[in-house]
>>> print(open('my_file-v4.cif').read())   # mmCIF, C-alpha atoms and all ligand atoms
data_target
#
loop_
_atom_site.label_atom_id
_atom_site.label_comp_id
_atom_site.auth_asym_id
_atom_site.auth_seq_id
_atom_site.Cartn_x
_atom_site.Cartn_y
_atom_site.Cartn_z
CA MET A 218 93.19 22.98 92.23
CA SER A 219 93.37 20.05 89.87
CA HIS A 220 95.96 20.02 87.13
CA THR A 221 97.39 18.09 84.24
CA GLY A 222 101.09 17.29 84.14
CA TYR A 223 103.21 17.08 87.27
CA ARG A 224 103.27 19.64 90.08
CA ILE A 225 106.30 20.09 92.31
CA LEU A 226 106.94 22.38 95.26
CA HIS A 227 110.50 23.74 95.51
CA THR A 228 111.91 24.91 98.85
CA SER A 229 115.36 24.90 100.47
CA ASP A 230 117.51 26.12 103.35
CA TRP A 231 115.23 25.16 106.22
CA HIS A 232 118.19 25.23 108.64
CA LEU A 233 116.19 23.28 111.22
CA GLY A 234 117.61 23.75 114.69
CA ASN A 235 118.78 27.29 113.96
CA THR A 236 118.94 29.50 116.99
CA LEU A 237 119.28 33.27 116.97
CA HIS A 238 121.73 34.33 119.66
CA ASP A 239 120.69 31.27 121.62
CA HIS A 240 116.95 31.92 121.18
CA SER A 241 115.15 28.78 119.98
CA ARG A 242 113.17 29.07 116.75
CA ILE A 243 111.19 25.86 117.13
CA GLU A 244 107.87 27.72 117.30
CA GLU A 245 108.61 29.54 114.03
CA TYR A 246 109.41 26.20 112.38
CA ARG A 247 106.17 24.66 113.63
CA SER A 248 104.27 27.53 112.10
CA PHE A 249 106.21 27.20 108.80
CA PHE A 250 105.49 23.48 108.52
CA ALA A 251 101.79 24.00 109.23
CA GLU A 252 101.66 26.57 106.43
CA LEU A 253 103.73 24.43 104.05
CA LYS A 254 101.41 21.47 104.58
CA LYS A 255 98.41 23.68 103.86
CA ILE A 256 99.97 24.95 100.61
CA ILE A 257 100.83 21.40 99.50
CA VAL A 258 97.35 20.06 100.17
CA SER A 259 95.31 22.98 98.83
CA ASN A 260 97.37 23.06 95.61
CA GLU A 261 97.44 19.28 95.15
CA VAL A 262 101.21 19.21 94.92
CA ASP A 263 102.56 15.89 93.65
CA ALA A 264 106.13 16.09 94.93
CA LEU A 265 108.18 18.16 97.36
CA LEU A 266 111.81 19.02 96.52
CA VAL A 267 114.08 20.38 99.26
CA SER A 268 117.39 21.63 97.85
CA GLY A 269 119.78 21.36 100.78
CA ASP A 270 120.51 22.85 104.19
CA ILE A 271 117.81 20.81 105.87
CA PHE A 272 119.53 21.26 109.22
CA ASP A 273 121.53 24.16 110.54
CA THR A 274 124.38 22.00 111.80
CA GLY A 275 125.81 18.53 111.29
CA ALA A 276 124.63 17.47 114.75
CA PRO A 277 121.01 18.65 114.91
CA SER A 278 119.18 18.66 118.24
CA ASN A 279 116.49 16.12 119.00
CA ALA A 280 113.88 18.86 118.63
CA ALA A 281 115.16 19.65 115.11
CA LEU A 282 115.12 15.96 114.17
CA GLU A 283 111.62 15.59 115.57
CA LEU A 284 110.36 18.49 113.39
CA TYR A 285 111.92 16.89 110.29
CA TYR A 286 110.52 13.42 110.86
CA SER A 287 107.09 14.66 111.96
CA PHE A 288 106.68 16.84 108.91
CA LEU A 289 107.77 14.15 106.44
CA THR A 290 105.52 11.61 108.14
CA SER A 291 102.56 14.02 108.02
CA LEU A 292 102.71 13.95 104.19
CA ASN A 293 102.06 10.22 104.14
CA GLY A 294 98.65 9.56 102.60
CA SER A 295 98.37 13.12 101.20
CA CYS A 296 98.46 14.19 97.53
CA CYS A 297 102.23 14.63 97.88
CA LYS A 298 103.39 11.10 97.06
CA ASN A 299 107.12 11.82 96.74
CA VAL A 300 109.72 13.91 98.54
CA VAL A 301 113.33 14.50 97.52
CA VAL A 302 115.77 15.84 100.11
CA THR A 303 119.38 16.76 99.25
CA ALA A 304 122.24 17.69 101.58
CA GLY A 305 123.49 21.29 101.67
CA ASN A 306 126.80 22.60 102.97
CA HIS A 307 125.37 22.91 106.48
CA ASP A 308 124.19 19.28 106.52
CA SER A 309 126.27 16.33 107.58
CA PRO A 310 125.73 13.69 104.86
CA ALA A 311 126.22 11.02 107.52
CA THR A 312 123.44 12.48 109.66
CA LEU A 313 120.99 12.59 106.74
CA ASN A 314 122.01 9.08 105.69
CA THR A 315 121.14 7.53 109.06
CA SER A 316 117.43 7.59 108.14
CA ARG A 317 117.77 7.23 104.38
CA ALA A 318 116.56 3.62 104.20
CA LEU A 319 113.76 4.24 106.68
CA LEU A 320 112.49 7.33 104.85
CA GLU A 321 112.59 5.42 101.56
CA LEU A 322 109.60 3.50 102.93
CA LEU A 323 107.68 6.79 103.01
CA ASN A 324 108.77 7.59 99.42
CA VAL A 325 111.17 10.20 100.74
CA ARG A 326 114.37 10.01 98.75
CA VAL A 327 117.43 11.34 100.55
CA VAL A 328 120.45 12.18 98.38
CA ALA A 329 123.27 13.22 100.71
CA THR A 330 126.37 11.58 99.24
CA PRO A 331 127.39 11.67 95.57
CA ASP A 332 128.16 8.06 94.65
CA ALA A 333 131.28 8.42 92.50
CA GLN A 334 131.87 4.63 92.47
CA ASN A 335 128.58 4.25 90.70
CA GLN A 336 129.01 7.21 88.28
CA PHE A 337 126.56 9.29 90.42
CA ARG A 338 123.60 7.13 89.34
CA ASN A 339 122.03 7.63 92.79
CA GLU A 340 121.32 11.26 91.82
CA VAL A 341 119.19 10.55 88.74
CA PHE A 342 115.73 8.94 88.88
CA ALA A 343 112.14 9.22 87.67
CA LEU A 344 109.20 10.44 89.75
CA PRO A 345 106.75 9.24 90.92
CA SER A 346 108.27 5.95 89.71
CA GLU A 347 109.88 4.32 86.69
CA ASP A 348 106.66 2.39 86.09
CA ALA A 349 104.60 5.57 85.75
CA PRO A 350 107.18 8.31 85.13
CA GLN A 351 106.16 11.98 84.96
CA VAL A 352 109.47 13.76 85.46
CA ILE A 353 113.18 12.97 85.72
CA VAL A 354 115.09 14.48 88.63
CA CYS A 355 118.85 15.13 88.83
CA ALA A 356 119.23 15.58 92.60
CA ALA A 357 122.74 16.83 93.33
CA PRO A 358 123.71 17.43 96.93
CA TYR A 359 126.28 20.08 97.88
CA LEU A 360 129.46 19.02 96.06
CA ARG A 361 132.50 18.73 98.30
CA ASP A 362 136.03 18.36 96.96
CA ALA A 363 135.96 14.57 96.62
CA ALA A 364 132.83 14.67 94.45
CA LEU A 365 134.22 17.51 92.32
CA GLN A 366 137.47 15.61 91.88
CA ALA A 367 135.65 12.45 90.82
CA SER A 368 133.43 14.42 88.43
CA LEU A 369 136.59 15.76 86.75
CA ASP A 370 138.06 12.28 86.41
CA ASN A 371 141.01 13.66 88.43
CA GLU A 372 141.95 16.42 86.01
CA LYS A 373 144.03 19.09 87.83
CA PHE A 374 143.45 22.86 87.98
CA GLU A 375 145.61 25.80 89.01
CA THR A 376 143.23 27.57 91.33
CA ASP A 377 140.47 26.43 93.69
CA GLU A 378 138.05 28.62 91.82
CA GLN A 379 138.78 26.95 88.47
CA PHE A 380 138.57 23.55 90.15
CA VAL A 381 135.14 24.24 91.69
CA ARG A 382 133.76 25.72 88.48
CA ALA A 383 135.04 22.96 86.22
CA GLY A 384 134.09 20.23 88.72
CA THR A 385 130.54 21.51 89.10
CA LYS A 386 130.15 21.83 85.34
CA ALA A 387 131.47 18.30 84.78
CA HIS A 388 129.16 16.95 87.48
CA PHE A 389 126.01 18.37 85.91
CA ALA A 390 127.17 17.26 82.45
CA LYS A 391 127.33 13.69 83.81
CA LEU A 392 123.88 13.99 85.40
CA GLN A 393 122.47 15.43 82.19
CA LYS A 394 123.81 12.45 80.24
CA LEU A 395 122.28 10.00 82.70
CA ALA A 396 118.94 11.86 82.61
CA VAL A 397 118.78 11.85 78.82
CA GLU A 398 119.63 8.13 78.75
CA LEU A 399 116.89 7.43 81.28
CA ARG A 400 114.42 9.51 79.28
CA GLU A 401 115.24 7.51 76.14
CA LYS A 402 114.91 4.24 78.02
CA LEU A 403 111.49 5.25 79.38
CA GLY A 404 110.41 6.26 75.85
CA LYS A 405 108.63 9.51 76.81
CA ASN A 406 109.58 13.17 76.39
CA LEU A 407 109.73 13.68 80.15
CA PRO A 408 110.66 17.06 81.67
CA ILE A 409 114.02 17.10 83.49
CA VAL A 410 114.48 18.92 86.80
CA ALA A 411 117.85 19.60 88.45
CA MET A 412 118.38 20.23 92.16
CA ALA A 413 121.62 21.90 93.30
CA HIS A 414 123.05 23.62 96.34
CA LEU A 415 125.52 26.23 95.11
CA TYR A 416 126.18 29.91 94.54
CA ALA A 417 125.21 30.77 90.98
CA ALA A 418 126.79 33.76 89.25
CA GLY A 419 124.45 36.70 89.01
CA ALA A 420 122.60 35.85 92.21
CA SER A 421 122.58 38.39 95.02
CA PRO A 422 122.91 36.89 98.47
CA SER A 423 121.02 39.41 100.52
CA GLU A 424 118.92 42.53 100.25
CA ASN A 425 121.17 44.10 102.83
CA ALA A 426 124.65 45.36 102.27
CA ASP A 427 125.98 43.09 105.00
CA ASP A 428 126.08 39.50 103.84
CA THR A 429 125.74 37.02 106.63
CA GLU A 430 127.85 33.93 107.05
CA TYR A 431 124.87 31.98 105.77
CA SER A 432 124.84 33.68 102.41
CA ILE A 433 128.35 32.88 101.28
CA VAL A 434 129.98 29.89 102.89
CA GLY A 435 132.89 27.63 102.22
CA ASN A 436 134.59 27.18 98.88
CA LEU A 437 131.70 28.51 96.88
CA GLU A 438 132.76 30.26 93.79
CA ASN A 439 130.33 31.80 91.35
CA ILE A 440 129.02 29.00 89.20
CA GLY A 441 127.91 30.20 85.77
CA SER A 442 124.28 29.49 84.91
CA GLU A 443 125.48 27.97 81.60
CA ILE A 444 126.08 24.73 83.50
CA PHE A 445 122.27 24.36 83.35
CA PRO A 446 121.52 24.23 79.60
CA PRO A 447 117.86 24.26 78.48
CA VAL A 448 117.71 20.45 78.61
CA PHE A 449 117.00 21.13 82.29
CA ASP A 450 113.41 22.31 82.21
CA TYR A 451 113.63 23.60 85.77
CA VAL A 452 116.53 24.09 88.21
CA ALA A 453 115.59 24.07 91.92
CA LEU A 454 118.46 25.82 93.68
CA GLY A 455 119.37 26.16 97.33
CA HIS A 456 122.10 28.04 99.22
CA ILE A 457 121.14 31.69 98.70
CA HIS A 458 118.48 32.70 101.20
CA ARG A 459 116.75 35.40 99.19
CA PRO A 460 114.26 34.08 96.59
CA GLN A 461 115.30 34.99 93.06
CA LYS A 462 115.70 33.96 89.43
CA VAL A 463 119.24 33.41 88.18
CA ALA A 464 120.48 35.36 85.14
CA GLY A 465 116.90 36.46 84.49
CA GLU A 466 115.80 32.91 83.65
CA GLU A 467 112.33 31.82 84.74
CA ARG A 468 113.47 28.21 84.95
CA ILE A 469 116.54 28.69 87.21
CA ARG A 470 115.41 29.71 90.69
CA TYR A 471 116.33 30.04 94.31
CA SER A 472 113.29 29.52 96.53
CA GLY A 473 115.14 31.19 99.42
CA SER A 474 114.94 30.17 103.05
CA PRO A 475 111.56 30.15 104.80
CA LEU A 476 113.02 31.91 107.87
CA PRO A 477 115.58 34.71 107.84
CA MET A 478 118.80 33.32 109.32
CA GLY A 479 119.64 36.45 111.27
CA PHE A 480 118.91 40.17 111.51
CA ASP A 481 120.88 40.89 108.34
CA GLU A 482 118.45 38.67 106.46
CA ALA A 483 115.33 40.24 108.00
CA ARG A 484 112.60 40.60 105.38
CA SER A 485 108.89 41.10 105.06
CA ARG A 486 108.11 37.87 103.22
CA SER A 487 109.45 34.47 102.27
CA GLU A 488 108.21 32.05 99.66
CA VAL A 489 108.11 28.57 98.25
CA LEU A 490 107.69 27.86 94.52
CA ILE A 491 105.05 25.73 92.86
CA VAL A 492 106.14 24.49 89.43
CA ASP A 493 103.91 22.79 86.87
CA LEU A 494 105.81 20.52 84.49
CA GLU A 495 104.27 19.11 81.38
CA GLN A 496 105.79 17.26 78.43
CA GLY A 497 106.67 19.62 75.59
CA LYS A 498 105.72 22.78 77.54
CA ALA A 499 107.69 25.45 79.39
CA PRO A 500 107.34 25.09 83.17
CA VAL A 501 104.86 27.40 84.89
CA VAL A 502 106.25 28.80 88.16
CA ARG A 503 104.08 30.31 90.89
CA PRO A 504 105.70 31.81 94.02
CA MET A 505 103.58 31.23 97.14
CA GLY A 506 104.14 33.78 99.90
CA LEU A 507 104.70 32.59 103.45
CA ASN A 508 103.64 34.43 106.57
CA LEU A 509 106.64 35.07 108.76
CA PRO A 510 105.51 34.12 112.23
CA ARG A 511 107.94 36.43 113.96
CA LYS A 512 109.40 39.73 112.83
CA LEU A 513 113.11 40.49 113.25
CA VAL A 514 113.73 44.19 113.74
CA THR A 515 116.84 46.34 114.13
CA ILE A 516 116.59 49.49 116.25
CA SER A 517 119.54 51.83 115.98
CA GLY A 518 120.33 55.17 117.62
CA THR A 519 123.22 57.39 118.57
CA ASP A 520 122.20 57.57 122.22
CA LEU A 521 120.00 55.72 124.71
CA SER A 522 117.11 58.18 124.61
CA GLU A 523 116.81 57.86 120.82
CA ILE A 524 116.81 54.07 121.16
CA ARG A 525 114.22 54.21 123.98
CA GLY A 526 111.89 56.34 121.84
CA LYS A 527 112.16 53.86 118.97
CA ILE A 528 111.49 50.88 121.24
CA ALA A 529 108.11 52.36 122.23
CA VAL A 530 107.16 53.01 118.59
CA GLN A 531 108.34 49.59 117.44
CA ASP A 532 106.25 47.88 120.10
CA LYS A 533 103.11 49.32 118.48
CA GLU A 534 104.23 48.53 114.93
CA THR A 535 105.48 44.97 115.36
CA PRO A 536 104.28 43.51 118.65
CA GLY A 537 106.15 40.38 119.69
CA ALA A 538 109.14 41.12 117.42
CA TRP A 539 112.67 40.05 118.23
CA VAL A 540 114.97 43.04 118.34
CA ARG A 541 118.62 43.81 117.64
CA VAL A 542 119.76 47.10 119.16
CA ARG A 543 122.66 48.87 117.45
CA PHE A 544 124.28 51.77 119.24
CA THR A 545 125.67 53.96 116.46
CA GLY A 546 126.97 56.84 118.60
CA ALA A 547 130.51 57.50 119.73
CA GLY A 548 131.92 56.15 122.98
CA SER A 549 130.28 53.68 125.32
CA VAL A 550 127.37 53.70 127.76
CA GLY A 551 128.34 50.35 129.30
CA SER A 552 126.11 47.31 128.93
CA LEU A 553 123.33 48.09 126.46
CA ARG A 554 121.44 45.07 127.70
CA GLN A 555 121.38 46.27 131.31
CA ASN A 556 120.58 49.85 130.32
CA LEU A 557 117.59 48.80 128.22
CA ALA A 558 116.29 45.85 130.25
CA ASP A 559 113.49 47.87 131.93
CA ASP A 560 112.47 49.47 128.65
CA PHE A 561 112.02 46.08 126.98
CA GLU A 562 110.27 44.74 130.08
CA ARG A 563 107.45 47.25 129.45
CA THR A 564 106.89 46.00 125.88
CA SER A 565 106.01 42.81 124.04
CA LEU A 566 109.37 43.00 122.24
CA GLU A 567 112.29 40.77 123.04
CA LEU A 568 115.85 42.04 123.07
CA VAL A 569 117.83 39.34 121.30
CA GLN A 570 121.07 41.11 120.40
CA ALA A 571 122.67 44.38 121.52
CA GLU A 572 125.80 45.75 119.91
CA TYR A 573 127.98 48.78 119.39
CA ALA A 574 128.12 49.45 115.64
CA ALA A 575 131.66 50.79 115.89
CA ARG A 576 132.87 47.60 117.54
CA VAL A 577 131.12 45.37 115.02
CA ASP A 578 132.51 47.40 112.12
CA ASN A 579 135.96 46.98 113.53
CA SER A 580 136.00 43.34 114.48
CA GLN A 581 139.42 43.63 116.09
CA ALA A 582 138.04 46.22 118.46
CA ALA A 583 135.06 43.95 119.08
CA LEU A 584 137.48 41.42 120.51
CA GLY A 585 138.68 43.98 123.07
CA GLU A 586 137.68 43.38 126.64
CA GLU A 587 135.27 46.30 126.89
CA ARG A 588 132.29 44.11 126.18
CA ASP A 589 130.15 43.08 129.07
CA LEU A 590 129.81 39.30 129.53
CA SER A 591 126.04 39.66 129.00
CA GLU A 592 126.69 40.81 125.43
CA PHE A 593 128.28 37.46 124.53
CA SER A 594 126.27 34.43 123.57
CA PRO A 595 127.15 31.17 125.38
CA THR A 596 128.68 29.89 122.13
CA GLU A 597 130.95 32.93 121.85
CA VAL A 598 132.14 32.46 125.41
CA PHE A 599 132.83 28.77 124.77
CA GLU A 600 134.71 29.55 121.53
CA ARG A 601 136.93 31.97 123.45
CA ARG A 602 137.70 29.31 126.01
CA LEU A 603 138.59 26.89 123.23
CA GLU A 604 140.91 29.44 121.63
CA SER A 605 142.83 29.82 124.85
CA ALA A 606 143.23 26.03 125.00
CA GLU A 607 144.26 25.70 121.36
CA SER A 608 147.56 23.91 122.08
CA LYS A 609 145.68 21.00 123.71
CA PHE A 610 144.17 20.14 120.32
CA ASP A 611 147.47 19.95 118.45
CA GLN A 612 147.68 16.18 118.77
CA ASP A 613 144.12 15.49 117.74
CA PRO A 614 142.36 18.12 115.57
CA ASP A 615 139.19 16.00 115.53
CA LEU A 616 138.95 16.37 119.28
CA LYS A 617 138.15 20.07 118.91
CA THR A 618 135.28 19.27 116.53
CA ARG A 619 133.97 16.65 118.93
CA VAL A 620 134.15 19.05 121.85
CA GLU A 621 132.31 21.73 119.84
CA LEU A 622 129.59 19.30 118.80
CA ALA A 623 129.21 18.10 122.38
CA PHE A 624 128.89 21.71 123.57
CA GLN A 625 126.22 22.46 120.95
CA GLU A 626 124.31 19.37 121.96
CA ILE A 627 124.35 20.34 125.63
CA LEU A 628 123.45 23.94 124.84
CA LYS A 629 120.50 22.90 122.68
CA SER A 630 119.12 20.53 125.24
CA VAL A 631 119.34 23.28 127.86
CA GLN A 632 117.62 25.81 125.58
CA GLU A 633 114.93 23.47 124.44
CA GLY A 634 114.31 22.44 128.02
CA MET A 635 113.56 26.09 128.69
CA VAL A 636 111.17 26.41 125.77
CA ASP A 637 109.05 23.30 126.01
MN MN A 701 121.67 27.77 103.65
#
>>> encode(input="my_file-v4.cif", output="structure tokens", more="lines below")
Ligand SMILES: [Mn+2]
Amino acid sequence: MSHTGYRILHTSDWHLGNTLHDHSRIEEYRSFFAELKKIIVSNEVDALLVSGDIFDTGAPSNAALELYYSFLTSLNGSCCKNVVVTAGNHDSPATLNTSRALLELLNVRVVATPDAQNQFRNEVFALPSEDAPQVIVCAAPYLRDAALQASLDNEKFETDEQFVRAGTKAHFAKLQKLAVELREKLGKNLPIVAMAHLYAAGASPSENADDTEYSIVGNLENIGSEIFPPVFDYVALGHIHRPQKVAGEERIRYSGSPLPMGFDEARSRSEVLIVDLEQGKAPVVRPMGLNLPRKLVTISGTDLSEIRGKIAVQDKETPGAWVRVRFTGAGSVGSLRQNLADDFERTSLELVQAEYAARVDNSQAALGEERDLSEFSPTEVFERRLESAESKFDQDPDLKTRVELAFQEILKSVQEGMVD
């Protein structure tokens, strides 16, 4: 599909390395990347923009890193001559920066750390190059306190919320100024695209009533969409996992995450966005649907026989699905996992999570000792052990983080050993 102007593909929130209750999702990611490559090539996309949360954790597994590098390398020599990757709140800037110089050789630009010393000039550049510019990009990573503080030139605010709002606004005002200066220098009326990883006011995190930890994280306050005035022809947002426009504006969009990050985010489709940018014209946005390689399904019932009946039906409707069982009745029937093991054995479904709704709804009760060990994930068990050893970390708070990272690393290598 040939085109005039410049064609970008906007995606975000890959969360590579994500596991669902200790089930590896590597196969789903392989399928996503194969589909993404196909969309890029068949639509002759010029540049790929990934707006944060590349990895699920700051210490991604080797398998997650391998997926990332293999995919980026596979674009070399294709129509997609440029890639821009920004850090999200889940990413460790240091981790992304380890390969920044190397990826630069493949025309992959990694923006993980706002460079306050240099007035954030590392976030503003022309694509595909300054010699033959087609678009100007303001690529802001997730803004932590230091970057917000520097953007505000150390002005003080009463509340965290005011600080985050004002800091974010000041940051994009600085980027806008740099972009307009660059546009004047290049002497062309180039479109300007912003990338950001934040929670914009008017966006809804999830289709479900229960928001997951992935939807609203950290010190994210609602950022008003007015921080993106029309000088930004398109705003490629990350952070919210459900694709949507912000404040009804065609040009301000969340692409959403390609995979649902848990049963509360289960959905029938995901998407990436193709955006055509041309001087003096409004951008044209086309959502491209993605096939979800594996369905996530919740089966709930007030007793075991109701749940058993639904398992048989679900097996016909969504073969191969991963299942969360929610027991919504009163009282307890002991370990749901053990009770239902034979039933799942007879199907193509996989029981990933089993829970008592009453205990989840009352998280204090969920911490009671009635739960069977099999209902805990290895991470939950380890976290409990750490809690009981809390006093040992008093001297060195970093030690706890290092121990947690080391545990995740060991866990991932064990899990991936089982998959591959
Ligand atoms: Mn995310």
>>> atom_distance(input="my_file-v4.cif", atom1="atom CA of A:Thr515", atom2="atom CA of A:His307")
26.1 Å
>>> closest_atom_pairs(input="my_file-v4.cif", of="chain A", to="ligand MN 701 (chain A)", cutoff="12 Å", atoms="all atoms listed in the file", output="JSON lines")
{"residue": "A:Thr228", "atom": "CA", "partner": "A:MN701", "partner_atom": "MN", "distance": 11.2}
{"residue": "A:Ser229", "atom": "CA", "partner": "A:MN701", "partner_atom": "MN", "distance": 7.6}
{"residue": "A:Asp230", "atom": "CA", "partner": "A:MN701", "partner_atom": "MN", "distance": 4.5}
{"residue": "A:Trp231", "atom": "CA", "partner": "A:MN701", "partner_atom": "MN", "distance": 7.4}
{"residue": "A:His232", "atom": "CA", "partner": "A:MN701", "partner_atom": "MN", "distance": 6.6}
{"residue": "A:Leu233", "atom": "CA", "partner": "A:MN701", "partner_atom": "MN", "distance": 10.4}
{"residue": "A:Asn235", "atom": "CA", "partner": "A:MN701", "partner_atom": "MN", "distance": 10.7}
{"residue": "A:Val267", "atom": "CA", "partner": "A:MN701", "partner_atom": "MN", "distance": 11.5}
{"residue": "A:Ser268", "atom": "CA", "partner": "A:MN701", "partner_atom": "MN", "distance": 9.5}
{"residue": "A:Gly269", "atom": "CA", "partner": "A:MN701", "partner_atom": "MN", "distance": 7.3}
{"residue": "A:Asp270", "atom": "CA", "partner": "A:MN701", "partner_atom": "MN", "distance": 5.1}
{"residue": "A:Ile271", "atom": "CA", "partner": "A:MN701", "partner_atom": "MN", "distance": 8.3}
{"residue": "A:Phe272", "atom": "CA", "partner": "A:MN701", "partner_atom": "MN", "distance": 8.8}
{"residue": "A:Asp273", "atom": "CA", "partner": "A:MN701", "partner_atom": "MN", "distance": 7.8}
{"residue": "A:Thr274", "atom": "CA", "partner": "A:MN701", "partner_atom": "MN", "distance": 10.3}
{"residue": "A:Ala304", "atom": "CA", "partner": "A:MN701", "partner_atom": "MN", "distance": 10.3}
{"residue": "A:Gly305", "atom": "CA", "partner": "A:MN701", "partner_atom": "MN", "distance": 7.0}
{"residue": "A:Asn306", "atom": "CA", "partner": "A:MN701", "partner_atom": "MN", "distance": 7.3}
{"residue": "A:His307", "atom": "CA", "partner": "A:MN701", "partner_atom": "MN", "distance": 6.7}
{"residue": "A:Asp308", "atom": "CA", "partner": "A:MN701", "partner_atom": "MN", "distance": 9.3}
{"residue": "A:Tyr359", "atom": "CA", "partner": "A:MN701", "partner_atom": "MN", "distance": 10.7}
{"residue": "A:Ala413", "atom": "CA", "partner": "A:MN701", "partner_atom": "MN", "distance": 11.9}
{"residue": "A:His414", "atom": "CA", "partner": "A:MN701", "partner_atom": "MN", "distance": 8.5}
{"residue": "A:Leu415", "atom": "CA", "partner": "A:MN701", "partner_atom": "MN", "distance": 9.5}
{"residue": "A:Tyr416", "atom": "CA", "partner": "A:MN701", "partner_atom": "MN", "distance": 10.4}
{"residue": "A:Pro422", "atom": "CA", "partner": "A:MN701", "partner_atom": "MN", "distance": 10.6}
{"residue": "A:Thr429", "atom": "CA", "partner": "A:MN701", "partner_atom": "MN", "distance": 10.5}
{"residue": "A:Glu430", "atom": "CA", "partner": "A:MN701", "partner_atom": "MN", "distance": 9.4}
{"residue": "A:Tyr431", "atom": "CA", "partner": "A:MN701", "partner_atom": "MN", "distance": 5.7}
{"residue": "A:Ser432", "atom": "CA", "partner": "A:MN701", "partner_atom": "MN", "distance": 6.8}
{"residue": "A:Ile433", "atom": "CA", "partner": "A:MN701", "partner_atom": "MN", "distance": 8.7}
{"residue": "A:Val434", "atom": "CA", "partner": "A:MN701", "partner_atom": "MN", "distance": 8.6}
{"residue": "A:Gly435", "atom": "CA", "partner": "A:MN701", "partner_atom": "MN", "distance": 11.3}
{"residue": "A:Leu454", "atom": "CA", "partner": "A:MN701", "partner_atom": "MN", "distance": 10.7}
{"residue": "A:Gly455", "atom": "CA", "partner": "A:MN701", "partner_atom": "MN", "distance": 6.9}
{"residue": "A:His456", "atom": "CA", "partner": "A:MN701", "partner_atom": "MN", "distance": 4.5}
{"residue": "A:Ile457", "atom": "CA", "partner": "A:MN701", "partner_atom": "MN", "distance": 6.3}
{"residue": "A:His458", "atom": "CA", "partner": "A:MN701", "partner_atom": "MN", "distance": 6.4}
{"residue": "A:Arg459", "atom": "CA", "partner": "A:MN701", "partner_atom": "MN", "distance": 10.1}
{"residue": "A:Tyr471", "atom": "CA", "partner": "A:MN701", "partner_atom": "MN", "distance": 11.0}
{"residue": "A:Ser472", "atom": "CA", "partner": "A:MN701", "partner_atom": "MN", "distance": 11.1}
{"residue": "A:Gly473", "atom": "CA", "partner": "A:MN701", "partner_atom": "MN", "distance": 8.5}
{"residue": "A:Ser474", "atom": "CA", "partner": "A:MN701", "partner_atom": "MN", "distance": 7.2}
{"residue": "A:Pro475", "atom": "CA", "partner": "A:MN701", "partner_atom": "MN", "distance": 10.4}
{"residue": "A:Leu476", "atom": "CA", "partner": "A:MN701", "partner_atom": "MN", "distance": 10.5}
{"residue": "A:Pro477", "atom": "CA", "partner": "A:MN701", "partner_atom": "MN", "distance": 10.1}
{"residue": "A:Met478", "atom": "CA", "partner": "A:MN701", "partner_atom": "MN", "distance": 8.4}
{"residue": "A:Gly479", "atom": "CA", "partner": "A:MN701", "partner_atom": "MN", "distance": 11.7}
{"residue": "A:Glu482", "atom": "CA", "partner": "A:MN701", "partner_atom": "MN", "distance": 11.7}
>>> residues_around(input="my_file-v4.cif", residues="A:Asp263", least_positions_apart="6", cutoff="12 Å", atoms="all atoms listed in the file", output="PyMOL selection string")
chain A and resi 218-227+256-257+292-301+324+344-345+351-352+491-494
>>> closest_residue(input="my_file-v4.cif", among="A:Leu266, A:Val448, A:Leu369, A:Val463", to="A:Val327", atoms="only C-alpha atoms")
A:Leu266
>>> atom_distance(input="my_file-v4.cif", atom1="atom CA of A:Asn371", atom2="atom CA of A:Phe389")
15.9 Å
>>> closest_residue(input="my_file-v4.cif", among="A:Lys462, A:Arg338, A:Arg619, A:Arg525", to="A:Arg543", atoms="all atoms listed in the file")
A:Arg525
>>> decode(input="my_file-v4.cif", residues="stretch 294-311 of chain A", atoms="C-alpha atoms", output="tab-separated table (two decimals), in the first residue's frame")
chain	number	residue	atom	x	y	z
A	294	GLY	CA	16.43	-3.92	5.66
A	295	SER	CA	12.61	-3.65	5.68
A	296	CYS	CA	10.49	-0.60	4.77
A	297	CYS	CA	10.58	0.40	8.44
A	298	LYS	CA	13.79	2.43	8.51
A	299	ASN	CA	13.40	3.94	11.98
A	300	VAL	CA	12.24	2.80	15.41
A	301	VAL	CA	11.75	4.92	18.52
A	302	VAL	CA	11.53	3.19	21.90
A	303	THR	CA	10.77	5.10	25.13
A	304	ALA	CA	10.90	3.86	28.73
A	305	GLY	CA	7.65	3.37	30.66
A	306	ASN	CA	7.15	3.13	34.41
A	307	HIS	CA	7.78	-0.62	34.32
A	308	ASP	CA	11.10	-0.21	32.49
A	309	SER	CA	14.43	0.34	34.14
A	310	PRO	CA	16.05	3.22	32.20
A	311	ALA	CA	19.44	1.68	32.97
